[in-house]
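Visitor: Have a look at the structure that comes next, please.
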Amino acid sequence: MPSAVEHRAAPDGTELVDRHWAVAGGAPWARLLIVHGLAKHSGRYEHVGDQFAGAGIDTVFGVILGTGVGGGIAIRGQILVGANAIAGEWGHNPLPWPTPDEIPGPPCYCGRSGCIESFLSGPGLAADHFRHCRESLSAPQIALTAESGDPHCRATLARYMDRLARGLASVINLIDPGVIVLGGGLSAISMLYEQVPRFWSRYIFSDRVVTPLLPPVHGDSSGVRGAAWLWRPEEEP
Ligand SMILES: [Zn+2]
């Protein structure tokens with residue numbers, strides 16, 4: 001893992017994980033960064049475990065929404081690696097339940113079209129806004145402008161949240177994690193945590209959905225903290 005030394009010093013957790021993703025193509029240690037950085041090392045996993053222990057919560061799905069989109073799964077504190085070392089790889093599945101105007105979807109660097117990442121990454125959000133409004137705004141600008149009440153940016157964010165809800169609903173239908181933790185630059189959009197669970201209930205095969213959607217305790221730096229943990233495994237609680 002020689003490149004992790006370079007990335008450990010990166011000041012921005014999102015960038016760190018995204019660069020890992022680009023370099024490593026989803027290697028297991030990249031997911032270590034995501035799941036441990038967002039969920040376990042941050043304390044969120046333990047907190048949630050304490051809070052919901054009586055309900056048997058032991059599975060965490062960690063998501064990075066940044067310049068790229070990635071995911072990882074932890075079960076009882078252990079990273080699920082998988083036979084092909086791609087467990088939790090999520091960003092290059094097709095966007096679930098696509099509407100007619102989402103087919104075939106934007107082209108993705110992986111060679112396919114309509115990948116979750118091509119809709120839910122920061123550049124994907126900006127591109128969607130441009131397709132609908134012919135207005136070039138970055139993802140943070142769209143979020144800020146939506147907060148100020150701009151109807152076009154609010155509509156763009158509504159599309160984004162419905163897509164995120166669909167992407168996460170497919171995860172819930174498959175592994176039904178006890179908690180989903182977001183990270184990356186777009187995890188700073190506070191309305192995601194209230195609105196996305198409202199959107200996702202229509203896609204989840206259950207009448208009652210209790211899955212919490214939570215921000216990283218340490219914000220965007222959680223990936224860095226995860227990296228620090230990775231290099232000091234003796235500190236593993
Ligand atoms: Zn792709």
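Letters for chains follow the order of the structure tokens (A, B, ...), residue numbers begin at 1 for each chain, and ligand numbers begin at 1 in the order shown.
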To check your reading of the model: which residues sit at most 9 Å from ligand 1 when counting only C-alpha atoms and all ligand atoms? Write the answer as a VMD selection string.
Guide: chain A and resid 91 to 94 107 to 118
Visitor: Create the file for the chosen residues now, containing N, CA and C atoms and written as a PDB file, in the first residue's frame.
Guide:
ATOM      1  N   GLY A  91     -20.682   2.328  -6.587  1.00  0.00           N
ATOM      2  CA  GLY A  91     -20.792   3.490  -7.461  1.00  0.00           C
ATOM      3  C   GLY A  91     -20.947   3.162  -8.934  1.00  0.00           C
ATOM      4  N   HIS A  92     -20.585   1.945  -9.311  1.00  0.00           N
ATOM      5  CA  HIS A  92     -20.676   1.617 -10.737  1.00  0.00           C
ATOM      6  C   HIS A  92     -21.726   0.555 -11.017  1.00  0.00           C
ATOM      7  N   ASN A  93     -22.622   0.380 -10.065  1.00  0.00           N
ATOM      8  CA  ASN A  93     -23.892  -0.271 -10.388  1.00  0.00           C
ATOM      9  C   ASN A  93     -24.750   0.761 -11.106  1.00  0.00           C
ATOM     10  N   PRO A  94     -25.685   0.289 -11.943  1.00  0.00           N
ATOM     11  CA  PRO A  94     -26.589   1.261 -12.566  1.00  0.00           C
ATOM     12  C   PRO A  94     -27.506   1.916 -11.541  1.00  0.00           C
ATOM     13  N   PRO A 107     -22.516   9.133 -19.637  1.00  0.00           N
ATOM     14  CA  PRO A 107     -21.398   8.190 -19.799  1.00  0.00           C
ATOM     15  C   PRO A 107     -20.465   8.266 -18.602  1.00  0.00           C
ATOM     16  N   CYS A 108     -19.940   7.117 -18.223  1.00  0.00           N
ATOM     17  CA  CYS A 108     -19.048   7.030 -17.058  1.00  0.00           C
ATOM     18  C   CYS A 108     -17.652   6.633 -17.537  1.00  0.00           C
ATOM     19  N   TYR A 109     -16.641   7.018 -16.787  1.00  0.00           N
ATOM     20  CA  TYR A 109     -15.273   6.686 -17.191  1.00  0.00           C
ATOM     21  C   TYR A 109     -15.022   5.185 -17.197  1.00  0.00           C
ATOM     22  N   CYS A 110     -15.894   4.420 -16.511  1.00  0.00           N
ATOM     23  CA  CYS A 110     -15.707   2.966 -16.478  1.00  0.00           C
ATOM     24  C   CYS A 110     -16.123   2.309 -17.785  1.00  0.00           C
ATOM     25  N   GLY A 111     -16.698   3.094 -18.681  1.00  0.00           N
ATOM     26  CA  GLY A 111     -17.076   2.553 -19.980  1.00  0.00           C
ATOM     27  C   GLY A 111     -18.564   2.311 -20.132  1.00  0.00           C
ATOM     28  N   ARG A 112     -19.300   2.390 -19.016  1.00  0.00           N
ATOM     29  CA  ARG A 112     -20.740   2.195 -19.084  1.00  0.00           C
ATOM     30  C   ARG A 112     -21.443   3.550 -18.957  1.00  0.00           C
ATOM     31  N   SER A 113     -22.747   3.506 -18.985  1.00  0.00           N
ATOM     32  CA  SER A 113     -23.528   4.735 -18.812  1.00  0.00           C
ATOM     33  C   SER A 113     -24.529   4.536 -17.683  1.00  0.00           C
ATOM     34  N   GLY A 114     -24.873   5.631 -17.037  1.00  0.00           N
ATOM     35  CA  GLY A 114     -25.913   5.572 -16.024  1.00  0.00           C
ATOM     36  C   GLY A 114     -25.470   4.995 -14.697  1.00  0.00           C
ATOM     37  N   CYS A 115     -24.158   4.970 -14.449  1.00  0.00           N
ATOM     38  CA  CYS A 115     -23.667   4.478 -13.151  1.00  0.00           C
ATOM     39  C   CYS A 115     -24.153   5.409 -12.028  1.00  0.00           C
ATOM     40  N   ILE A 116     -24.319   4.830 -10.846  1.00  0.00           N
ATOM     41  CA  ILE A 116     -24.680   5.626  -9.672  1.00  0.00           C
ATOM     42  C   ILE A 116     -23.720   6.800  -9.520  1.00  0.00           C
ATOM     43  N   GLU A 117     -22.429   6.539  -9.696  1.00  0.00           N
ATOM     44  CA  GLU A 117     -21.445   7.612  -9.529  1.00  0.00           C
ATOM     45  C   GLU A 117     -21.673   8.769 -10.493  1.00  0.00           C
ATOM     46  N   SER A 118     -22.124   8.457 -11.699  1.00  0.00           N
ATOM     47  CA  SER A 118     -22.283   9.517 -12.696  1.00  0.00           C
ATOM     48  C   SER A 118     -23.448  10.442 -12.338  1.00  0.00           C
TER      49      SER A 118
END
Visitor: Got a sec: who's within 8 Å of region 198-215 of chain A, counting only C-alpha atoms, leaving out chain neighbours fewer than 5 positions off, as a PyMOL selection string?
Guide: chain A and resi 161-162+165-166+168-170+172-173+177-183+187-188+193
Visitor: Kindly save the residues from that selection, with C-alpha atoms included, as a PDB file, in the first residue's frame.
Guide:
ATOM      1  CA  MET A 161     -31.936  13.121  -3.141  1.00  0.00           C
ATOM      2  CA  ASP A 162     -34.387  10.863  -4.934  1.00  0.00           C
ATOM      3  CA  ALA A 165     -32.589   7.319  -1.981  1.00  0.00           C
ATOM      4  CA  ARG A 166     -32.922   4.819  -4.816  1.00  0.00           C
ATOM      5  CA  LEU A 168     -29.411   3.363  -0.893  1.00  0.00           C
ATOM      6  CA  ALA A 169     -32.765   1.559  -1.064  1.00  0.00           C
ATOM      7  CA  SER A 170     -31.147  -1.067  -3.272  1.00  0.00           C
ATOM      8  CA  ILE A 172     -31.066  -1.757   2.145  1.00  0.00           C
ATOM      9  CA  ASN A 173     -33.033  -4.315   0.172  1.00  0.00           C
ATOM     10  CA  PRO A 177     -27.615  -2.485   7.260  1.00  0.00           C
ATOM     11  CA  GLY A 178     -28.300  -1.242  10.766  1.00  0.00           C
ATOM     12  CA  VAL A 179     -27.030   2.192   9.845  1.00  0.00           C
ATOM     13  CA  ILE A 180     -25.822   4.052   6.758  1.00  0.00           C
ATOM     14  CA  VAL A 181     -23.105   6.661   7.237  1.00  0.00           C
ATOM     15  CA  LEU A 182     -22.320   9.244   4.586  1.00  0.00           C
ATOM     16  CA  GLY A 183     -18.988  10.927   3.991  1.00  0.00           C
ATOM     17  CA  SER A 187     -22.242  14.638   3.050  1.00  0.00           C
ATOM     18  CA  ALA A 188     -22.144  18.245   4.277  1.00  0.00           C
ATOM     19  CA  TYR A 193     -30.343  13.261   6.400  1.00  0.00           C
TER      20      TYR A 193
END
Visitor: Could you pull out the alpha helix (DSSP H) residues of region 152-208 of chain A from DSSP and send them as number ranges by chain?
Guide: A: 152-175, 191-200
Visitor: Please measure the separation of CA of Gly149 (chain A) and CA of Cys133 (chain A), giving the value in Å to one decimal.
Guide: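 Going from CA of Gly149 (chain A) over to CA of Cys133 (chain A), I get 15.6 Å.
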Visitor: Under the rule that only C-alpha atoms are counted, which of A:Ala143, A:Trp97, A:Trp90, A:Gln195 is the nearest residue to Ile64 (chain A)?
Guide: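 Among A:Ala143, A:Trp97, A:Trp90, A:Gln195, it is A:Trp90 that comes nearest to Ile64 (chain A).
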Visitor: Which is closest to Gly72 (chain A) among A:Thr59, A:Thr156, A:Gln141, A:Thr99, if we use only C-alpha atoms?
Guide: A:Thr59
Visitor: With only C-alpha atoms as the basis for distance, which of A:Leu157, A:Ala146, A:Ala139, A:Leu120 is at the shortest distance from Leu95 (chain A)?
Guide: A:Leu120
